[in-house]
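Peer 1: Just dropping this structure here.
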Protein chains: 2
Amino acid sequence: MSKRVSTKDKILNAAEALFAEHGFEQTSLRQITADAEVNLASVNYHFGSKKALIQAVMARYLEVLMPALDRELAKLSEQPQVTTRAVFDCFRSPLNELRQVRKHGPTIFLSLLGYAYADIQGHLRRYTMDHFGDVMQNLLAALHVANPNLSPVDMFWRLHFVLGATVFAQVSGPALREIAAADFGEAIAADQMIDRLIPFLAGGVDAPSR
Amino acid sequence: MSKRVSTKDKILNAAEALFAEHGFEQTSLRQITADAEVNLASVNYHFGSKKALIQAVMARYLEVLMPALDRELAKLSEQPQVTTRAVFDCFRSPLNELRQVRKHGPTIFLSLLGYAYADIQGHLRRYTMDHFGDVMQNLLAALHVANPNLSPVDMFWRLHFVLGATVFAQVSGPALREIAAADFGEAIAADQMIDRLIPFLAGGVDAPSR
DNA sequence: GCACATTTTAAACATGCGTTTTAATTTAAA
DNA sequence: TTTAAATTAAAACGCATGTTTAAAATGTGC
């Protein structure tokens with residue numbers, strides 16, 4: 001009944017799970033191909049290199065998320081009033097869409113984004129910025145409308161604090177949830193974290209600048 | 001005139017600079033020993049292993065910062081009123097002290113903390129938590145006093161959002177400063193970033209929880 | 001100045017990595 | 001069914017890593 005999965009997709013699926021859990025550099029092609037139950041050489045055959053595989057994994061997500069986020073931001077810009085909170089709420093439905101397509105989609109994507117961002121070598125940073133640059137600009141613009149009192153350079157930094165809090169919480173999410181469960185006897189699902197995150201981010205961006 | 005520097009210290013100095021710039025995993029013992037101008041084997045001779053070296057580098061910072069931060073938090077707890085902002089200001093003087101001892105001390109320390117925190121394998125996470133656990137608790141307590149309306153579990157998460165924004169901004173600091181300089185023609189020193197960061201963090205922690 | 005412990009050095013070791021090669025196999029078209 | 005292309009498979013390559021070894025050099029106490 002179930003459709004045959006191509007080698008290419010088997011690799012992508014195994015790779016994204018391992019990347020999200022261990023990062024790009026720490027994940028070997030041997031782990032990936034073992035998990036995917038394909039031959040080691042097939043990665044280089046289908047993708048050319050490990051770098052290209054990483055970019056392909058990211059592309060699968062960016063192609064879904066980017067248009068969705070752009071749509072939400074466009075919708076928002078038609079509103080008479082734009083609050084910081086409303087800007088961040090624009091992320092909710094794209095991420096939820098992603099969750100429907102892929103169970104752990106948002107978690108994986110944000111983890112990937114975190115690792116991509118922390119990537120010093122920059123080949124991924126350049127790649128993601130090429131695809132994310134426009135959305136970044138739209139985000140900055142929307143946040144500026146919501147917060148005209150903040151200087152562009154202040155907003156630039158705050159947007160990166162936002163990104164930092166987000167991806168960091170996501171990357172260390174499993175460990176943190178473990179600690180939280182032990183300390184508070186309360187399990188926190190990944191999709192609940194964004195509910196905790198958004199108020200924090202909006203409060204940070206809306207804060208007076210000194 | 002200048003004192004002879006021991007091999008051990010030469011290794012520690014070279015290691016911390018490279019760790020802060022490239023992370024723990026991406027830095028090889030060969031890079032470290034080349035920069036330190038010592039023999040490759042001396043790392044294993046003096047420290048036993050790369051893991052032990054990493055912990056020794058962290059320890060040098062923790063031993064300076066932890067007591068200083070504890071002192072500031074204790075001083076704060078004697079005040080009649082405690083605000084979230086005041087809690088975060090407790091970091092200023094310990095970090096400045098660090099800067100006087102080591103020129104790029106705060107930058108390096110926060111970068112190290114970031115890499116340590118992102119470290120999945122956990123040997124460093126466990127190590128740093130052993131040394132940082134008490135301060136974490138004191139921080140949580142102080143923040144709870146400043147913000148009694150927030151539930152412990154909410155505070156737990158927000159503290160980690162804070163940590164995320166901080167270390168992330170620090171780790172990607174060089175690249176971000178580069179972009180900022182290009183986009184705004186404005187160079188931003190590392191020690192000015194904390195002035196931008198603290199208002200953001202305080203605003204985030206003080207935000208309503210939904 | 002000698003004997004012993006400490007430290008430094010150079011070389012090799014074992015392991016894991018991304019990649020390439022070459023042959024076997026499967027797939028698809030004629 | 002035959003033939004050519006696409007894919008899979010196993011093995012090896014070249015390189016970088018952390019670590020270990022054993023000899024040389026240096027320092028130290030008597």
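Residue numbers start at 1 in each chain; chains themselves are named A, B, ... in the order of the structure tokens; ligands are numbered from 1 in the order shown.
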Got a sec: who's within 12 Å of range 135-142 of chain B, counting only C-alpha atoms (C1' of nucleotides), leaving out chain neighbours fewer than 4 positions off, as an mmCIF file with C-alpha atoms, in the first residue's frame?

Peer 2:
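Result written to out_38.cif:
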data_model
loop_
_atom_site.group_PDB
_atom_site.id
_atom_site.type_symbol
_atom_site.label_atom_id
_atom_site.label_comp_id
_atom_site.auth_asym_id
_atom_site.auth_seq_id
_atom_site.Cartn_x
_atom_site.Cartn_y
_atom_site.Cartn_z
ATOM 1 C CA ASP A 183 12.162 20.343 38.498
ATOM 2 C CA LEU B 62 33.983 30.313 36.323
ATOM 3 C CA LEU B 65 32.914 35.160 37.587
ATOM 4 C CA MET B 66 30.889 32.973 39.903
ATOM 5 C CA PRO B 67 31.954 34.578 43.193
ATOM 6 C CA ALA B 68 31.641 38.063 41.708
ATOM 7 C CA LEU B 69 28.128 37.404 40.460
ATOM 8 C CA ASP B 70 27.153 35.794 43.739
ATOM 9 C CA ARG B 71 28.432 38.842 45.595
ATOM 10 C CA GLU B 72 26.356 41.170 43.434
ATOM 11 C CA LEU B 73 23.237 39.078 43.849
ATOM 12 C CA ALA B 74 23.749 38.994 47.601
ATOM 13 C CA LYS B 75 24.172 42.767 47.653
ATOM 14 C CA LEU B 76 20.974 43.127 45.657
ATOM 15 C CA SER B 77 18.959 40.897 47.957
ATOM 16 C CA GLU B 78 19.572 43.377 50.780
ATOM 17 C CA GLN B 79 17.861 46.130 48.830
ATOM 18 C CA GLN B 81 13.090 46.702 46.219
ATOM 19 C CA VAL B 82 14.311 44.386 43.498
ATOM 20 C CA THR B 83 13.496 45.005 39.836
ATOM 21 C CA THR B 84 14.194 42.679 36.930
ATOM 22 C CA ARG B 85 16.421 45.334 35.462
ATOM 23 C CA ALA B 86 18.459 45.503 38.660
ATOM 24 C CA VAL B 87 18.972 41.731 38.576
ATOM 25 C CA PHE B 88 20.455 41.887 35.108
ATOM 26 C CA ASP B 89 22.576 44.866 36.056
ATOM 27 C CA CYS B 90 24.245 42.510 38.515
ATOM 28 C CA PHE B 91 26.128 41.073 35.567
ATOM 29 C CA THR B 128 29.199 23.831 33.955
ATOM 30 C CA MET B 129 25.893 23.094 35.624
ATOM 31 C CA ASP B 130 27.778 21.695 38.596
ATOM 32 C CA HIS B 131 29.541 25.031 38.921
ATOM 33 C CA ALA B 146 11.376 41.006 41.135
ATOM 34 C CA ASN B 147 8.495 39.312 39.377
ATOM 35 C CA PRO B 148 6.331 37.388 41.860
ATOM 36 C CA LEU B 150 5.322 34.862 37.145
ATOM 37 C CA SER B 151 5.061 31.130 37.856
ATOM 38 C CA PRO B 152 8.308 29.230 38.522
ATOM 39 C CA VAL B 153 7.987 27.268 35.313
ATOM 40 C CA ASP B 154 7.388 30.428 33.307
ATOM 41 C CA MET B 155 10.447 31.986 34.919
ATOM 42 C CA PHE B 156 12.502 28.904 34.174
ATOM 43 C CA TRP B 157 11.754 29.210 30.490
ATOM 44 C CA ARG B 158 12.271 32.931 30.369
ATOM 45 C CA LEU B 159 15.634 32.604 32.023
ATOM 46 C CA HIS B 160 16.644 30.256 29.263
ATOM 47 C CA VAL B 162 17.532 35.208 28.257
ATOM 48 C CA LEU B 163 20.495 32.891 28.141
ATOM 49 C CA VAL B 205 11.120 38.866 31.498
#

Peer 1: Against chain A, which residues of chain D fall within 12 Å? For each one I want the closest pair of atoms and the distance in Å (one decimal), counting only C-alpha atoms (C1' of nucleotides), rows by chain and increasing residue number, as JSON lines.

Peer 2:
{"residue": "D:DA6", "atom": "C1'", "partner": "A:Tyr45", "partner_atom": "CA", "distance": 11.0}
{"residue": "D:DT7", "atom": "C1'", "partner": "A:Ser42", "partner_atom": "CA", "distance": 8.8}
{"residue": "D:DT8", "atom": "C1'", "partner": "A:Asn39", "partner_atom": "CA", "distance": 7.2}
{"residue": "D:DA9", "atom": "C1'", "partner": "A:Asn39", "partner_atom": "CA", "distance": 6.9}
{"residue": "D:DA10", "atom": "C1'", "partner": "A:Asn39", "partner_atom": "CA", "distance": 9.3}
{"residue": "D:DA11", "atom": "C1'", "partner": "A:Ala41", "partner_atom": "CA", "distance": 11.1}

Peer 1: Would you pick out the contacts of DA11 in chain C at 10 Å or less, using only C-alpha atoms (C1' of nucleotides), so that residues sharing its chain but fewer than 2 positions from it are not included, and give the list as a ChimeraX atom specification?

Peer 2: /C:9,13 /D:21-22

Peer 1: Which residues of chain C come within 10 Å of chain B, and what is each one's closest atom pair and distance in Å (one decimal), counting only C-alpha atoms (C1' of nucleotides), sorted by chain and residue number, as a Markdown table?

Peer 2:
| residue | atom | partner | partner_atom | distance |
| --- | --- | --- | --- | --- |
| C:DT7 | C1' | B:Ser42 | CA | 8.8 |
| C:DT8 | C1' | B:Asn39 | CA | 7.2 |
| C:DT9 | C1' | B:Asn39 | CA | 7.0 |
| C:DA10 | C1' | B:Asn39 | CA | 9.3 |

Peer 1: Quick one: write out the picked residues with all heavy atoms as an mmCIF file, in the first residue's frame?

Peer 2:
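Written out: selection.cif:
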data_model
loop_
_atom_site.group_PDB
_atom_site.id
_atom_site.type_symbol
_atom_site.label_atom_id
_atom_site.label_comp_id
_atom_site.auth_asym_id
_atom_site.auth_seq_id
_atom_site.Cartn_x
_atom_site.Cartn_y
_atom_site.Cartn_z
ATOM 1 P P DT C 7 56.554 18.811 35.345
ATOM 2 O OP1 DT C 7 56.190 20.131 35.901
ATOM 3 O OP2 DT C 7 55.591 17.687 35.362
ATOM 4 O "O5'" DT C 7 57.034 19.035 33.835
ATOM 5 C "C5'" DT C 7 58.079 19.958 33.573
ATOM 6 C "C4'" DT C 7 58.658 19.728 32.203
ATOM 7 O "O4'" DT C 7 59.130 18.372 32.073
ATOM 8 C "C3'" DT C 7 57.688 19.927 31.023
ATOM 9 O "O3'" DT C 7 58.067 21.107 30.347
ATOM 10 C "C2'" DT C 7 57.868 18.685 30.158
ATOM 11 C "C1'" DT C 7 59.161 18.095 30.696
ATOM 12 N N1 DT C 7 59.344 16.621 30.533
ATOM 13 C C2 DT C 7 60.235 16.154 29.610
ATOM 14 O O2 DT C 7 60.897 16.885 28.893
ATOM 15 N N3 DT C 7 60.348 14.778 29.554
ATOM 16 C C4 DT C 7 59.657 13.858 30.329
ATOM 17 O O4 DT C 7 59.836 12.651 30.191
ATOM 18 C C5 DT C 7 58.734 14.411 31.279
ATOM 19 C C7 DT C 7 57.944 13.504 32.170
ATOM 20 C C6 DT C 7 58.621 15.750 31.339
ATOM 21 P P DT C 8 57.134 21.658 29.147
ATOM 22 O OP1 DT C 8 57.281 23.133 29.099
ATOM 23 O OP2 DT C 8 55.803 21.024 29.229
ATOM 24 O "O5'" DT C 8 57.902 21.047 27.880
ATOM 25 C "C5'" DT C 8 59.226 21.486 27.573
ATOM 26 C "C4'" DT C 8 59.812 20.632 26.467
ATOM 27 O "O4'" DT C 8 59.776 19.240 26.866
ATOM 28 C "C3'" DT C 8 59.082 20.706 25.121
ATOM 29 O "O3'" DT C 8 59.960 21.237 24.141
ATOM 30 C "C2'" DT C 8 58.675 19.257 24.823
ATOM 31 C "C1'" DT C 8 59.628 18.464 25.695
ATOM 32 N N1 DT C 8 59.127 17.115 26.115
ATOM 33 C C2 DT C 8 59.780 15.987 25.682
ATOM 34 O O2 DT C 8 60.754 16.009 24.953
ATOM 35 N N3 DT C 8 59.246 14.794 26.144
ATOM 36 C C4 DT C 8 58.154 14.638 26.974
ATOM 37 O O4 DT C 8 57.775 13.529 27.317
ATOM 38 C C5 DT C 8 57.527 15.859 27.392
ATOM 39 C C7 DT C 8 56.335 15.815 28.287
ATOM 40 C C6 DT C 8 58.030 17.031 26.948
ATOM 41 P P DT C 9 59.353 21.647 22.718
ATOM 42 O OP1 DT C 9 60.187 22.757 22.189
ATOM 43 O OP2 DT C 9 57.902 21.804 22.820
ATOM 44 O "O5'" DT C 9 59.660 20.357 21.860
ATOM 45 C "C5'" DT C 9 61.014 19.875 21.726
ATOM 46 C "C4'" DT C 9 61.033 18.498 21.119
ATOM 47 O "O4'" DT C 9 60.428 17.558 22.024
ATOM 48 C "C3'" DT C 9 60.256 18.356 19.814
ATOM 49 O "O3'" DT C 9 61.184 18.373 18.743
ATOM 50 C "C2'" DT C 9 59.534 17.006 19.943
ATOM 51 C "C1'" DT C 9 60.035 16.429 21.262
ATOM 52 N N1 DT C 9 59.033 15.670 22.065
ATOM 53 C C2 DT C 9 59.144 14.303 22.170
ATOM 54 O O2 DT C 9 60.015 13.666 21.630
ATOM 55 N N3 DT C 9 58.176 13.708 22.942
ATOM 56 C C4 DT C 9 57.128 14.332 23.604
ATOM 57 O O4 DT C 9 56.321 13.712 24.265
ATOM 58 C C5 DT C 9 57.085 15.772 23.451
ATOM 59 C C7 DT C 9 56.010 16.554 24.117
ATOM 60 C C6 DT C 9 58.020 16.371 22.696
ATOM 61 P P DA C 10 60.646 18.686 17.271
ATOM 62 O OP1 DA C 10 61.749 19.362 16.550
ATOM 63 O OP2 DA C 10 59.325 19.309 17.322
ATOM 64 O "O5'" DA C 10 60.500 17.214 16.699
ATOM 65 C "C5'" DA C 10 61.607 16.327 16.798
ATOM 66 C "C4'" DA C 10 61.162 14.902 16.514
ATOM 67 O "O4'" DA C 10 60.313 14.443 17.593
ATOM 68 C "C3'" DA C 10 60.360 14.725 15.225
ATOM 69 O "O3'" DA C 10 60.939 13.666 14.477
ATOM 70 C "C2'" DA C 10 58.946 14.398 15.693
ATOM 71 C "C1'" DA C 10 59.215 13.741 17.042
ATOM 72 N N9 DA C 10 58.116 13.842 17.995
ATOM 73 C C8 DA C 10 57.340 14.939 18.277
ATOM 74 N N7 DA C 10 56.434 14.740 19.196
ATOM 75 C C5 DA C 10 56.616 13.408 19.557
ATOM 76 C C6 DA C 10 55.958 12.581 20.486
ATOM 77 N N6 DA C 10 54.949 12.998 21.256
ATOM 78 N N1 DA C 10 56.391 11.302 20.606
ATOM 79 C C2 DA C 10 57.407 10.904 19.830
ATOM 80 N N3 DA C 10 58.098 11.592 18.916
ATOM 81 C C4 DA C 10 57.646 12.851 18.829
#

Peer 1: Determine, using only C-alpha atoms, which residues of chain A have any atom at most 6 Å from an atom of chain B, and tabulate each with its shortest atom pair and distance in Å to one decimal place, rows ordered by chain and then rising number, as a tab-separated table.

Peer 2:
residue	atom	partner	partner_atom	distance
A:Phe161	CA	B:Ala165	CA	4.6
A:Gly164	CA	B:Ala165	CA	4.3
A:Ala165	CA	B:Ala165	CA	4.2
A:Phe168	CA	B:Gly164	CA	4.8
A:Pro199	CA	B:Arg210	CA	5.9
A:Phe200	CA	B:Gly204	CA	4.2
A:Leu201	CA	B:Gly204	CA	5.8
A:Gly203	CA	B:Gly204	CA	4.4
A:Gly204	CA	B:Gly204	CA	4.0
A:Ala207	CA	B:Gly203	CA	4.9
A:Arg210	CA	B:Pro199	CA	5.9

Peer 1: Would you export the selected residues with N, CA, C and O atoms as a PDB file, in the first residue's frame, please?

Peer 2:
ATOM      1  N   PHE A 161      18.517  39.356  18.840  1.00  0.00           N
ATOM      2  CA  PHE A 161      18.277  38.804  20.172  1.00  0.00           C
ATOM      3  C   PHE A 161      17.088  37.852  20.111  1.00  0.00           C
ATOM      4  O   PHE A 161      17.093  36.771  20.712  1.00  0.00           O
ATOM      5  N   GLY A 164      18.081  34.747  18.509  1.00  0.00           N
ATOM      6  CA  GLY A 164      18.913  34.004  19.439  1.00  0.00           C
ATOM      7  C   GLY A 164      18.107  33.255  20.477  1.00  0.00           C
ATOM      8  O   GLY A 164      18.288  32.053  20.675  1.00  0.00           O
ATOM      9  N   ALA A 165      17.182  33.958  21.114  1.00  0.00           N
ATOM     10  CA  ALA A 165      16.350  33.319  22.135  1.00  0.00           C
ATOM     11  C   ALA A 165      15.574  32.156  21.531  1.00  0.00           C
ATOM     12  O   ALA A 165      15.436  31.096  22.138  1.00  0.00           O
ATOM     13  N   PHE A 168      18.004  29.190  20.175  1.00  0.00           N
ATOM     14  CA  PHE A 168      18.715  28.615  21.306  1.00  0.00           C
ATOM     15  C   PHE A 168      17.786  27.758  22.153  1.00  0.00           C
ATOM     16  O   PHE A 168      18.117  26.635  22.523  1.00  0.00           O
ATOM     17  N   PRO A 199       5.278  36.021  23.994  1.00  0.00           N
ATOM     18  CA  PRO A 199       5.155  37.167  24.905  1.00  0.00           C
ATOM     19  C   PRO A 199       6.506  37.725  25.322  1.00  0.00           C
ATOM     20  O   PRO A 199       6.698  38.949  25.396  1.00  0.00           O
ATOM     21  N   PHE A 200       7.451  36.828  25.567  1.00  0.00           N
ATOM     22  CA  PHE A 200       8.793  37.254  25.956  1.00  0.00           C
ATOM     23  C   PHE A 200       9.431  38.117  24.874  1.00  0.00           C
ATOM     24  O   PHE A 200       9.961  39.205  25.141  1.00  0.00           O
ATOM     25  N   LEU A 201       9.344  37.628  23.647  1.00  0.00           N
ATOM     26  CA  LEU A 201       9.967  38.348  22.534  1.00  0.00           C
ATOM     27  C   LEU A 201       9.330  39.720  22.330  1.00  0.00           C
ATOM     28  O   LEU A 201      10.030  40.728  22.152  1.00  0.00           O
ATOM     29  N   GLY A 203       7.728  41.498  24.498  1.00  0.00           N
ATOM     30  CA  GLY A 203       8.118  42.351  25.621  1.00  0.00           C
ATOM     31  C   GLY A 203       9.510  42.903  25.462  1.00  0.00           C
ATOM     32  O   GLY A 203       9.770  44.074  25.777  1.00  0.00           O
ATOM     33  N   GLY A 204      10.412  42.079  24.959  1.00  0.00           N
ATOM     34  CA  GLY A 204      11.789  42.514  24.750  1.00  0.00           C
ATOM     35  C   GLY A 204      11.892  43.582  23.686  1.00  0.00           C
ATOM     36  O   GLY A 204      12.565  44.605  23.875  1.00  0.00           O
ATOM     37  N   ALA A 207      10.521  46.971  24.749  1.00  0.00           N
ATOM     38  CA  ALA A 207      11.147  47.612  25.905  1.00  0.00           C
ATOM     39  C   ALA A 207      11.775  48.949  25.515  1.00  0.00           C
ATOM     40  O   ALA A 207      12.202  49.131  24.376  1.00  0.00           O
ATOM     41  N   ARG A 210      16.871  52.207  26.735  1.00  0.00           N
ATOM     42  CA  ARG A 210      17.913  52.208  27.766  1.00  0.00           C
ATOM     43  C   ARG A 210      17.331  52.129  29.177  1.00  0.00           C
ATOM     44  O   ARG A 210      16.204  52.361  29.410  1.00  0.00           O
TER      45      ARG A 210
END

Peer 1: Report, in Å to a single decimal, how far apart CA of Leu18 in chain B and CA of Ala59 in chain B are.

Peer 2: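 Atom-to-atom, CA of Ala59 in chain B and CA of Leu18 in chain B are spaced 16.2 Å apart.
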
Peer 1: Go ahead and compute the interatomic distance for CA of Val64 in chain A and CA of Leu98 in chain A, in Å to one decimal.

Peer 2: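 Separation between CA of Val64 in chain A and CA of Leu98 in chain A: 7.4 Å.
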
Peer 1: Rounded to one decimal place, report the CA of Leu29 in chain B-CA of Ser6 in chain B distance in Å.

Peer 2: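 Value for the CA of Leu29 in chain B-CA of Ser6 in chain B distance: 17.4 Å.
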
Peer 1: For DC2 in chain C, please output as an NGL selection string all residues within 12 Å (counting only C-alpha atoms (C1' of nucleotides); exclusion window: fewer than 6 positions along the same chain).

Peer 2: :D and (28-30)

Peer 1: DSSP on the backbone: which residues in chain A end up as helix (DSSP H, G or I)? Give the answer as a PyMOL selection string.

Peer 2: chain A and resi 7-22+29-36+42-46+50-77+84-89+92-101+105-118+123-146+152-171+173-184+190-206

Peer 1: Excluding DC13 in chain D and residues on its chain fewer than 5 positions from it, collect all residues at most 10 Å away from it, counting only C-alpha atoms (C1' of nucleotides), and give them as a ChimeraX atom specification.

Peer 2: /C:19-21

Peer 1: Generate the output file for the selected residues, C-alpha atoms (C1' of nucleotides), as a short mmCIF file (atom, residue, chain, number, x, y, z; two decimals), in the first residue's frame.

Peer 2:
data_model
loop_
_atom_site.label_atom_id
_atom_site.label_comp_id
_atom_site.auth_asym_id
_atom_site.auth_seq_id
_atom_site.Cartn_x
_atom_site.Cartn_y
_atom_site.Cartn_z
"C1'" DT C 19 34.92 11.61 -1.30
"C1'" DT C 20 36.13 8.76 -5.43
"C1'" DT C 21 36.48 4.74 -8.04
#
